[in-house]
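So this block is entry-v1.cif, mmCIF, N, CA and C atoms:
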data_work
#
loop_
_atom_site.label_atom_id
_atom_site.label_comp_id
_atom_site.auth_asym_id
_atom_site.auth_seq_id
_atom_site.Cartn_x
_atom_site.Cartn_y
_atom_site.Cartn_z
N ARG A 1 0.83 -1.19 0.00
CA ARG A 1 0.00 0.00 0.00
C ARG A 1 0.88 1.25 0.00
N ALA A 2 0.49 2.21 -0.83
CA ALA A 2 1.16 3.50 -0.87
C ALA A 2 0.10 4.55 -0.56
N TYR A 3 0.05 4.94 0.69
CA TYR A 3 -0.95 5.91 1.13
C TYR A 3 -0.27 7.22 1.49
N GLY A 4 -0.94 8.32 1.23
CA GLY A 4 -0.42 9.63 1.59
C GLY A 4 0.91 9.91 0.92
N PHE A 5 1.93 10.17 1.74
CA PHE A 5 3.24 10.51 1.22
C PHE A 5 3.81 9.39 0.35
N GLY A 6 3.51 8.14 0.68
CA GLY A 6 3.97 7.01 -0.15
C GLY A 6 3.40 7.09 -1.55
N CYS A 7 2.16 7.53 -1.67
CA CYS A 7 1.54 7.72 -2.98
C CYS A 7 2.25 8.86 -3.71
N GLY A 8 2.61 9.90 -2.97
CA GLY A 8 3.35 11.01 -3.55
C GLY A 8 4.71 10.59 -4.05
N LEU A 9 5.39 9.71 -3.31
CA LEU A 9 6.69 9.21 -3.76
C LEU A 9 6.55 8.47 -5.09
N ALA A 10 5.48 7.69 -5.20
CA ALA A 10 5.24 6.99 -6.46
C ALA A 10 5.02 8.00 -7.58
N GLY A 11 4.25 9.03 -7.30
CA GLY A 11 3.97 10.04 -8.32
C GLY A 11 5.20 10.81 -8.74
N ALA A 12 6.13 11.02 -7.84
CA ALA A 12 7.34 11.78 -8.14
C ALA A 12 8.42 10.93 -8.80
N SER A 13 8.23 9.64 -8.83
CA SER A 13 9.24 8.74 -9.39
C SER A 13 9.11 8.63 -10.90
N ASP A 14 10.24 8.44 -11.56
CA ASP A 14 10.23 8.28 -13.02
C ASP A 14 9.60 6.97 -13.45
N LEU A 15 9.91 5.90 -12.75
CA LEU A 15 9.40 4.57 -13.08
C LEU A 15 8.76 3.97 -11.84
N VAL A 16 7.54 3.48 -11.98
CA VAL A 16 6.87 2.83 -10.85
C VAL A 16 6.34 1.49 -11.33
N LEU A 17 6.84 0.46 -10.72
CA LEU A 17 6.41 -0.91 -10.97
C LEU A 17 5.52 -1.30 -9.79
N ALA A 18 4.32 -1.75 -10.07
CA ALA A 18 3.38 -2.12 -9.01
C ALA A 18 2.91 -3.55 -9.20
N SER A 19 2.71 -4.23 -8.09
CA SER A 19 2.11 -5.56 -8.18
C SER A 19 0.60 -5.38 -8.29
N GLU A 20 -0.06 -6.39 -8.80
CA GLU A 20 -1.49 -6.30 -9.05
C GLU A 20 -2.31 -6.08 -7.77
N ASP A 21 -1.73 -6.37 -6.61
CA ASP A 21 -2.46 -6.17 -5.36
C ASP A 21 -2.10 -4.86 -4.67
N SER A 22 -1.38 -3.98 -5.36
CA SER A 22 -1.02 -2.67 -4.79
C SER A 22 -2.25 -1.78 -4.67
N GLN A 23 -2.19 -0.87 -3.71
CA GLN A 23 -3.24 0.13 -3.53
C GLN A 23 -2.59 1.49 -3.30
N PHE A 24 -3.26 2.54 -3.77
CA PHE A 24 -2.77 3.90 -3.64
C PHE A 24 -3.91 4.76 -3.12
N ALA A 25 -3.62 5.63 -2.13
CA ALA A 25 -4.69 6.46 -1.56
C ALA A 25 -4.11 7.74 -0.97
N LEU A 26 -5.01 8.72 -0.86
CA LEU A 26 -4.69 10.00 -0.24
C LEU A 26 -5.73 10.26 0.86
N PRO A 27 -5.53 9.68 2.05
CA PRO A 27 -6.53 9.77 3.11
C PRO A 27 -6.43 11.01 4.01
N GLU A 28 -5.58 11.96 3.67
CA GLU A 28 -5.31 13.09 4.57
C GLU A 28 -6.53 13.93 4.91
N MET A 29 -7.44 14.13 3.96
CA MET A 29 -8.59 15.00 4.20
C MET A 29 -9.46 14.50 5.36
N ALA A 30 -9.49 13.20 5.57
CA ALA A 30 -10.27 12.64 6.70
C ALA A 30 -9.69 13.09 8.04
N HIS A 31 -8.46 13.57 8.01
CA HIS A 31 -7.79 14.04 9.23
C HIS A 31 -7.66 15.56 9.24
N GLY A 32 -8.36 16.22 8.32
CA GLY A 32 -8.34 17.67 8.25
C GLY A 32 -7.08 18.26 7.65
N ILE A 33 -6.34 17.45 6.90
CA ILE A 33 -5.08 17.90 6.31
C ILE A 33 -5.23 17.92 4.78
N PRO A 34 -5.14 19.10 4.16
CA PRO A 34 -5.17 19.13 2.70
C PRO A 34 -3.83 18.65 2.15
N PRO A 35 -3.82 17.61 1.31
CA PRO A 35 -2.57 17.01 0.85
C PRO A 35 -1.92 17.75 -0.33
N THR A 36 -1.72 19.05 -0.18
CA THR A 36 -1.22 19.85 -1.29
C THR A 36 0.20 19.47 -1.71
N LEU A 37 1.06 19.14 -0.77
CA LEU A 37 2.43 18.75 -1.14
C LEU A 37 2.42 17.45 -1.92
N VAL A 38 1.61 16.50 -1.49
CA VAL A 38 1.51 15.23 -2.22
C VAL A 38 0.91 15.48 -3.60
N MET A 39 -0.05 16.38 -3.69
CA MET A 39 -0.66 16.68 -4.98
C MET A 39 0.37 17.26 -5.96
N CYS A 40 1.33 18.04 -5.45
CA CYS A 40 2.40 18.56 -6.32
C CYS A 40 3.20 17.40 -6.90
N ALA A 41 3.49 16.40 -6.08
CA ALA A 41 4.24 15.24 -6.56
C ALA A 41 3.44 14.42 -7.56
N LEU A 42 2.12 14.58 -7.53
CA LEU A 42 1.24 13.84 -8.43
C LEU A 42 0.74 14.72 -9.57
N ALA A 43 1.52 15.72 -9.94
CA ALA A 43 1.11 16.68 -10.96
C ALA A 43 0.84 16.04 -12.32
N ASP A 44 1.46 14.90 -12.60
CA ASP A 44 1.26 14.24 -13.89
C ASP A 44 0.05 13.31 -13.91
N VAL A 45 -0.60 13.17 -12.78
CA VAL A 45 -1.78 12.29 -12.67
C VAL A 45 -3.00 13.03 -13.22
N ASN A 46 -3.89 12.30 -13.84
CA ASN A 46 -5.14 12.86 -14.34
C ASN A 46 -5.79 13.72 -13.25
N ARG A 47 -6.07 14.99 -13.56
CA ARG A 47 -6.56 15.94 -12.57
C ARG A 47 -7.85 15.49 -11.89
N LYS A 48 -8.82 15.05 -12.66
CA LYS A 48 -10.10 14.65 -12.06
C LYS A 48 -9.95 13.42 -11.17
N ALA A 49 -9.12 12.50 -11.60
CA ALA A 49 -8.87 11.31 -10.78
C ALA A 49 -8.16 11.70 -9.49
N LEU A 50 -7.21 12.62 -9.58
CA LEU A 50 -6.48 13.06 -8.40
C LEU A 50 -7.41 13.74 -7.40
N VAL A 51 -8.25 14.64 -7.89
CA VAL A 51 -9.19 15.33 -7.00
C VAL A 51 -10.16 14.32 -6.37
N ASP A 52 -10.59 13.35 -7.13
CA ASP A 52 -11.46 12.31 -6.58
C ASP A 52 -10.75 11.54 -5.46
N MET A 53 -9.49 11.20 -5.69
CA MET A 53 -8.72 10.50 -4.65
C MET A 53 -8.61 11.34 -3.39
N VAL A 54 -8.40 12.65 -3.55
CA VAL A 54 -8.27 13.55 -2.40
C VAL A 54 -9.58 13.64 -1.64
N TYR A 55 -10.67 13.91 -2.34
CA TYR A 55 -11.96 14.09 -1.67
C TYR A 55 -12.51 12.80 -1.07
N SER A 56 -12.35 11.69 -1.79
CA SER A 56 -12.92 10.43 -1.29
C SER A 56 -12.03 9.77 -0.25
N GLY A 57 -10.73 9.91 -0.42
CA GLY A 57 -9.80 9.23 0.48
C GLY A 57 -9.74 7.73 0.26
N LYS A 58 -10.51 7.24 -0.70
CA LYS A 58 -10.57 5.80 -0.95
C LYS A 58 -9.39 5.34 -1.79
N PRO A 59 -8.89 4.14 -1.50
CA PRO A 59 -7.77 3.62 -2.30
C PRO A 59 -8.20 3.24 -3.71
N VAL A 60 -7.23 3.36 -4.63
CA VAL A 60 -7.43 2.86 -5.98
C VAL A 60 -6.51 1.67 -6.17
N ASP A 61 -6.93 0.73 -6.99
CA ASP A 61 -6.12 -0.46 -7.24
C ASP A 61 -5.02 -0.15 -8.25
N ALA A 62 -4.16 -1.11 -8.47
CA ALA A 62 -3.00 -0.91 -9.35
C ALA A 62 -3.41 -0.63 -10.79
N VAL A 63 -4.45 -1.28 -11.27
CA VAL A 63 -4.90 -1.07 -12.65
C VAL A 63 -5.41 0.36 -12.82
N THR A 64 -6.15 0.87 -11.85
CA THR A 64 -6.61 2.25 -11.90
C THR A 64 -5.43 3.20 -11.79
N ALA A 65 -4.48 2.90 -10.91
CA ALA A 65 -3.29 3.73 -10.77
C ALA A 65 -2.51 3.80 -12.08
N LEU A 66 -2.48 2.72 -12.82
CA LEU A 66 -1.85 2.71 -14.14
C LEU A 66 -2.62 3.61 -15.11
N ALA A 67 -3.93 3.49 -15.10
CA ALA A 67 -4.76 4.26 -16.03
C ALA A 67 -4.68 5.76 -15.78
N ILE A 68 -4.51 6.18 -14.54
CA ILE A 68 -4.51 7.62 -14.24
C ILE A 68 -3.10 8.20 -14.15
N GLY A 69 -2.08 7.36 -14.25
CA GLY A 69 -0.72 7.88 -14.35
C GLY A 69 0.13 7.83 -13.09
N ILE A 70 -0.27 7.10 -12.08
CA ILE A 70 0.56 6.97 -10.88
C ILE A 70 1.67 5.94 -11.10
N VAL A 71 1.33 4.85 -11.76
CA VAL A 71 2.32 3.80 -12.01
C VAL A 71 2.53 3.62 -13.51
N ARG A 72 3.60 2.96 -13.87
CA ARG A 72 3.92 2.73 -15.28
C ARG A 72 3.62 1.31 -15.72
N ARG A 73 3.76 0.37 -14.78
CA ARG A 73 3.58 -1.03 -15.16
C ARG A 73 3.00 -1.81 -13.98
N VAL A 74 2.06 -2.70 -14.27
CA VAL A 74 1.46 -3.57 -13.25
C VAL A 74 1.81 -5.01 -13.61
N VAL A 75 2.33 -5.74 -12.62
CA VAL A 75 2.71 -7.14 -12.83
C VAL A 75 2.11 -7.98 -11.70
N SER A 76 2.12 -9.28 -11.88
CA SER A 76 1.60 -10.16 -10.84
C SER A 76 2.52 -10.09 -9.61
N ALA A 77 1.94 -10.33 -8.46
CA ALA A 77 2.73 -10.32 -7.22
C ALA A 77 3.82 -11.38 -7.27
N GLN A 78 3.53 -12.53 -7.91
CA GLN A 78 4.50 -13.61 -7.98
C GLN A 78 5.70 -13.25 -8.86
N SER A 79 5.49 -12.44 -9.87
CA SER A 79 6.58 -12.11 -10.79
C SER A 79 7.20 -10.74 -10.53
N PHE A 80 6.76 -10.07 -9.47
CA PHE A 80 7.23 -8.71 -9.19
C PHE A 80 8.76 -8.64 -9.09
N ASP A 81 9.36 -9.51 -8.28
CA ASP A 81 10.82 -9.47 -8.10
C ASP A 81 11.56 -9.69 -9.41
N ALA A 82 11.07 -10.59 -10.23
CA ALA A 82 11.72 -10.85 -11.52
C ALA A 82 11.65 -9.63 -12.42
N HIS A 83 10.49 -8.97 -12.45
CA HIS A 83 10.33 -7.76 -13.25
C HIS A 83 11.22 -6.63 -12.73
N LEU A 84 11.30 -6.52 -11.41
CA LEU A 84 12.16 -5.50 -10.81
C LEU A 84 13.62 -5.75 -11.15
N ASP A 85 14.05 -7.00 -11.05
CA ASP A 85 15.43 -7.34 -11.41
C ASP A 85 15.72 -7.03 -12.87
N GLU A 86 14.77 -7.33 -13.75
CA GLU A 86 14.95 -7.06 -15.18
C GLU A 86 15.07 -5.56 -15.43
N LEU A 87 14.22 -4.78 -14.78
CA LEU A 87 14.24 -3.33 -14.95
C LEU A 87 15.55 -2.73 -14.45
N THR A 88 15.98 -3.13 -13.26
CA THR A 88 17.21 -2.56 -12.71
C THR A 88 18.43 -3.01 -13.51
N ALA A 89 18.43 -4.23 -14.01
CA ALA A 89 19.55 -4.69 -14.84
C ALA A 89 19.61 -3.89 -16.13
N SER A 90 18.46 -3.61 -16.71
CA SER A 90 18.42 -2.82 -17.93
C SER A 90 18.98 -1.43 -17.69
N MET A 91 18.56 -0.80 -16.60
CA MET A 91 19.05 0.55 -16.29
C MET A 91 20.53 0.55 -15.95
N ALA A 92 20.98 -0.47 -15.26
CA ALA A 92 22.40 -0.56 -14.88
C ALA A 92 23.30 -0.69 -16.10
N GLY A 93 22.75 -1.17 -17.20
CA GLY A 93 23.53 -1.32 -18.43
C GLY A 93 23.68 -0.04 -19.23
N HIS A 94 22.99 1.01 -18.83
CA HIS A 94 23.06 2.29 -19.56
C HIS A 94 24.15 3.19 -18.97
N ASP A 95 24.67 4.05 -19.82
CA ASP A 95 25.66 5.03 -19.40
C ASP A 95 25.03 5.98 -18.37
N GLU A 96 25.72 6.20 -17.26
CA GLU A 96 25.20 7.03 -16.17
C GLU A 96 24.90 8.45 -16.64
N HIS A 97 25.76 9.02 -17.47
CA HIS A 97 25.54 10.38 -17.95
C HIS A 97 24.32 10.45 -18.88
N ALA A 98 24.14 9.43 -19.69
CA ALA A 98 22.97 9.40 -20.58
C ALA A 98 21.69 9.35 -19.76
N ILE A 99 21.68 8.61 -18.67
CA ILE A 99 20.51 8.55 -17.80
C ILE A 99 20.24 9.93 -17.21
N ARG A 100 21.28 10.62 -16.78
CA ARG A 100 21.10 11.98 -16.22
C ARG A 100 20.51 12.93 -17.27
N TYR A 101 21.00 12.84 -18.52
CA TYR A 101 20.45 13.69 -19.57
C TYR A 101 18.98 13.40 -19.79
N ILE A 102 18.63 12.13 -19.85
CA ILE A 102 17.23 11.77 -20.06
C ILE A 102 16.38 12.24 -18.90
N LYS A 103 16.87 12.09 -17.68
CA LYS A 103 16.13 12.54 -16.49
C LYS A 103 15.83 14.03 -16.60
N GLY A 104 16.83 14.82 -16.93
CA GLY A 104 16.63 16.25 -17.07
C GLY A 104 15.71 16.60 -18.23
N PHE A 105 15.87 15.91 -19.33
CA PHE A 105 15.05 16.18 -20.51
C PHE A 105 13.60 15.77 -20.28
N ALA A 106 13.37 14.64 -19.66
CA ALA A 106 12.01 14.14 -19.45
C ALA A 106 11.20 15.05 -18.52
N ASP A 107 11.87 15.80 -17.67
CA ASP A 107 11.16 16.69 -16.76
C ASP A 107 10.68 17.97 -17.43
N LYS A 108 11.12 18.25 -18.63
CA LYS A 108 10.83 19.53 -19.28
C LYS A 108 9.61 19.57 -20.20
N PRO A 109 9.32 18.55 -20.99
CA PRO A 109 8.36 18.68 -22.09
C PRO A 109 7.01 19.31 -21.77
N GLY A 110 6.40 18.99 -20.66
CA GLY A 110 5.06 19.52 -20.39
C GLY A 110 5.01 21.01 -20.18
N HIS A 111 6.16 21.64 -19.99
CA HIS A 111 6.18 23.06 -19.66
C HIS A 111 6.85 23.90 -20.75
N MET A 112 7.09 23.33 -21.91
CA MET A 112 7.82 24.03 -22.94
C MET A 112 7.06 24.04 -24.26
N SER A 113 7.32 25.08 -25.06
CA SER A 113 6.74 25.14 -26.39
C SER A 113 7.41 24.08 -27.26
N PRO A 114 6.78 23.66 -28.34
CA PRO A 114 7.42 22.67 -29.21
C PRO A 114 8.79 23.11 -29.72
N GLN A 115 8.94 24.39 -30.07
CA GLN A 115 10.24 24.87 -30.56
C GLN A 115 11.30 24.84 -29.46
N ALA A 116 10.94 25.28 -28.26
CA ALA A 116 11.89 25.25 -27.15
C ALA A 116 12.27 23.81 -26.82
N LEU A 117 11.31 22.91 -26.88
CA LEU A 117 11.58 21.50 -26.62
C LEU A 117 12.53 20.93 -27.67
N SER A 118 12.30 21.27 -28.93
CA SER A 118 13.18 20.82 -30.00
C SER A 118 14.60 21.36 -29.80
N ASP A 119 14.70 22.64 -29.44
CA ASP A 119 16.01 23.24 -29.18
C ASP A 119 16.71 22.53 -28.02
N LEU A 120 15.95 22.24 -26.96
CA LEU A 120 16.54 21.54 -25.81
C LEU A 120 17.00 20.15 -26.21
N ALA A 121 16.22 19.46 -27.03
CA ALA A 121 16.61 18.11 -27.48
C ALA A 121 17.92 18.17 -28.23
N GLY A 122 18.07 19.15 -29.12
CA GLY A 122 19.31 19.30 -29.87
C GLY A 122 20.48 19.62 -28.97
N TYR A 123 20.28 20.53 -28.04
CA TYR A 123 21.34 20.89 -27.09
C TYR A 123 21.74 19.70 -26.24
N THR A 124 20.75 18.97 -25.73
CA THR A 124 21.03 17.80 -24.89
C THR A 124 21.83 16.77 -25.66
N LEU A 125 21.45 16.50 -26.88
CA LEU A 125 22.17 15.52 -27.70
C LEU A 125 23.59 16.00 -27.98
N ALA A 126 23.75 17.27 -28.34
CA ALA A 126 25.09 17.81 -28.61
C ALA A 126 25.96 17.74 -27.37
N THR A 127 25.40 18.08 -26.22
CA THR A 127 26.15 18.04 -24.97
C THR A 127 26.56 16.62 -24.62
N ALA A 128 25.65 15.68 -24.84
CA ALA A 128 25.96 14.28 -24.51
C ALA A 128 27.12 13.76 -25.32
N PHE A 129 27.24 14.20 -26.57
CA PHE A 129 28.31 13.69 -27.43
C PHE A 129 29.60 14.48 -27.35
N THR A 130 29.60 15.59 -26.62
CA THR A 130 30.84 16.38 -26.50
C THR A 130 31.55 16.15 -25.18
N ARG A 131 30.96 15.41 -24.29
CA ARG A 131 31.62 15.15 -23.01
C ARG A 131 32.68 14.07 -23.18
N PRO A 132 33.73 14.12 -22.34
CA PRO A 132 34.76 13.07 -22.43
C PRO A 132 34.17 11.71 -22.06
N ARG A 133 34.64 10.70 -22.73
CA ARG A 133 34.15 9.34 -22.44
C ARG A 133 35.21 8.55 -21.73
#

What does the file become when written as structure tokens?
Amino acid sequence: RAYGFGCGLAGASDLVLASEDSQFALPEMAHGIPPTLVMCALADVNRKALVDMVYSGKPVDAVTALAIGIVRRVVSAQSFDAHLDELTASMAGHDEHAIRYIKGFADKPGHMSPQALSDLAGYTLATAFTRPR
């Protein structure tokens, strides 16, 4: 279960792998606490779904979390560790600097014009190829 801040951590993460029995919830309103900080971390989540989670406080299952943008992939509980190992092995095989470039680049698109995004893509690629190897 990822409730409250744990749900926010999932939302702020680049990759979220969830087992089919995972649950995500924002129960803060039941305690008189508006979860605005967690909502910032969930900025990429469907707005209406996010507001519903805040007002209802009810958990959503992994399939719903996938549909609204909290998680990226849902796998069976039995195969979770194997999928996690595969994902981490794949990432470990990539150049560390290339991962940093992608991390920085992936955070930008929603807030930039198409031309600015294209310029950033060109700059990022040029910078990646001019660094010492």

**OP:** Using the chain letters and numbers from the file, give me the residues hit by the PyMOL selection byres ((chain A and resi 21-35) around 5), as a ChimeraX atom specification.
**Re:** /A:1-4,19-20,36-39,57-62

Padding of 4 Å on every side, edges along x, y and z, all listed atoms of range 61-67 of chain A included: what centre and edge lengths in Å, to one decimal, does that box have, as JSON?
{"center_x": -4.4, "center_y": 2.2, "center_z": -11.5, "size_x": 13.1, "size_y": 15.0, "size_z": 17.0}

**OP:** Would you work out the distance separating CA of Met91 in chain A from CA of Gly11 in chain A, expressed in Å to one decimal?
**Re:**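 Going from CA of Met91 in chain A over to CA of Gly11 in chain A, I get 19.5 Å.
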
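Taking only C-alpha atoms, the non-local environment of Leu50 in chain A within 10 Å (same-chain residues fewer than 5 positions away omitted) comprises Ala25, Leu26, Met39, Leu42, Ala43, Asp44, Val45, Tyr55, Ser56, Ile68, Gly69 and Ile70 of chain A.
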
Go ahead and write the residues just picked, N, CA and C atoms, as a PDB file, in the frame of the given file.
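Ended up saving to selection_9.pdb:
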ATOM      1  N   ALA A  25      -3.620   5.630  -2.130  1.00  0.00           N
ATOM      2  CA  ALA A  25      -4.690   6.460  -1.560  1.00  0.00           C
ATOM      3  C   ALA A  25      -4.110   7.740  -0.970  1.00  0.00           C
ATOM      4  N   LEU A  26      -5.010   8.720  -0.860  1.00  0.00           N
ATOM      5  CA  LEU A  26      -4.690  10.000  -0.240  1.00  0.00           C
ATOM      6  C   LEU A  26      -5.730  10.260   0.860  1.00  0.00           C
ATOM      7  N   MET A  39      -0.050  16.380  -3.690  1.00  0.00           N
ATOM      8  CA  MET A  39      -0.660  16.680  -4.980  1.00  0.00           C
ATOM      9  C   MET A  39       0.370  17.260  -5.960  1.00  0.00           C
ATOM     10  N   LEU A  42       2.120  14.580  -7.530  1.00  0.00           N
ATOM     11  CA  LEU A  42       1.240  13.840  -8.430  1.00  0.00           C
ATOM     12  C   LEU A  42       0.740  14.720  -9.570  1.00  0.00           C
ATOM     13  N   ALA A  43       1.520  15.720  -9.940  1.00  0.00           N
ATOM     14  CA  ALA A  43       1.110  16.680 -10.960  1.00  0.00           C
ATOM     15  C   ALA A  43       0.840  16.040 -12.320  1.00  0.00           C
ATOM     16  N   ASP A  44       1.460  14.900 -12.600  1.00  0.00           N
ATOM     17  CA  ASP A  44       1.260  14.240 -13.890  1.00  0.00           C
ATOM     18  C   ASP A  44       0.050  13.310 -13.910  1.00  0.00           C
ATOM     19  N   VAL A  45      -0.600  13.170 -12.780  1.00  0.00           N
ATOM     20  CA  VAL A  45      -1.780  12.290 -12.670  1.00  0.00           C
ATOM     21  C   VAL A  45      -3.000  13.030 -13.220  1.00  0.00           C
ATOM     22  N   TYR A  55     -10.670  13.910  -2.340  1.00  0.00           N
ATOM     23  CA  TYR A  55     -11.960  14.090  -1.670  1.00  0.00           C
ATOM     24  C   TYR A  55     -12.510  12.800  -1.070  1.00  0.00           C
ATOM     25  N   SER A  56     -12.350  11.690  -1.790  1.00  0.00           N
ATOM     26  CA  SER A  56     -12.920  10.430  -1.290  1.00  0.00           C
ATOM     27  C   SER A  56     -12.030   9.770  -0.250  1.00  0.00           C
ATOM     28  N   ILE A  68      -4.510   6.180 -14.540  1.00  0.00           N
ATOM     29  CA  ILE A  68      -4.510   7.620 -14.240  1.00  0.00           C
ATOM     30  C   ILE A  68      -3.100   8.200 -14.150  1.00  0.00           C
ATOM     31  N   GLY A  69      -2.080   7.360 -14.250  1.00  0.00           N
ATOM     32  CA  GLY A  69      -0.720   7.880 -14.350  1.00  0.00           C
ATOM     33  C   GLY A  69       0.130   7.830 -13.090  1.00  0.00           C
ATOM     34  N   ILE A  70      -0.270   7.100 -12.080  1.00  0.00           N
ATOM     35  CA  ILE A  70       0.560   6.970 -10.880  1.00  0.00           C
ATOM     36  C   ILE A  70       1.670   5.940 -11.100  1.00  0.00           C
TER      37      ILE A  70
END

Local residues around (7.2, -1.7, -11.9), at most 7 Å away, using only C-alpha atoms, as a CSV table (one decimal) with N, CA and C atoms, keeping the file's coordinate frame:
chain,number,residue,atom,x,y,z
A,15,LEU,N,9.9,5.9,-12.8
A,15,LEU,CA,9.4,4.6,-13.1
A,15,LEU,C,8.8,4.0,-11.8
A,16,VAL,N,7.5,3.5,-12.0
A,16,VAL,CA,6.9,2.8,-10.8
A,16,VAL,C,6.3,1.5,-11.3
A,17,LEU,N,6.8,0.5,-10.7
A,17,LEU,CA,6.4,-0.9,-11.0
A,17,LEU,C,5.5,-1.3,-9.8
A,18,ALA,N,4.3,-1.8,-10.1
A,18,ALA,CA,3.4,-2.1,-9.0
A,18,ALA,C,2.9,-3.6,-9.2
A,72,ARG,N,3.6,3.0,-13.9
A,72,ARG,CA,3.9,2.7,-15.3
A,72,ARG,C,3.6,1.3,-15.7
A,73,ARG,N,3.8,0.4,-14.8
A,73,ARG,CA,3.6,-1.0,-15.2
A,73,ARG,C,3.0,-1.8,-14.0
A,74,VAL,N,2.1,-2.7,-14.3
A,74,VAL,CA,1.5,-3.6,-13.2
A,74,VAL,C,1.8,-5.0,-13.6
A,83,HIS,N,10.5,-9.0,-12.4
A,83,HIS,CA,10.3,-7.8,-13.2
A,83,HIS,C,11.2,-6.6,-12.7
A,84,LEU,N,11.3,-6.5,-11.4
A,84,LEU,CA,12.2,-5.5,-10.8
A,84,LEU,C,13.6,-5.8,-11.2

Subject >> atom N of Gly104 in chain A to atom C of Asp14 in chain A, distance in Å rounded to a single decimal >> reply: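 These atoms are spaced 11.2 Å apart.
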
Original post:
At what distance in Å, to one decimal, does atom C of Gln115 in chain A lie from CA of Cys40 in chain A?
Top reply: 25.6 Å

Subject >> Residues flagged strand (DSSP E or B) by DSSP in chain A, as a VMD selection string >> reply: chain A and resid 2 to 3 17 to 19 23 to 25 60 to 61 73 to 75
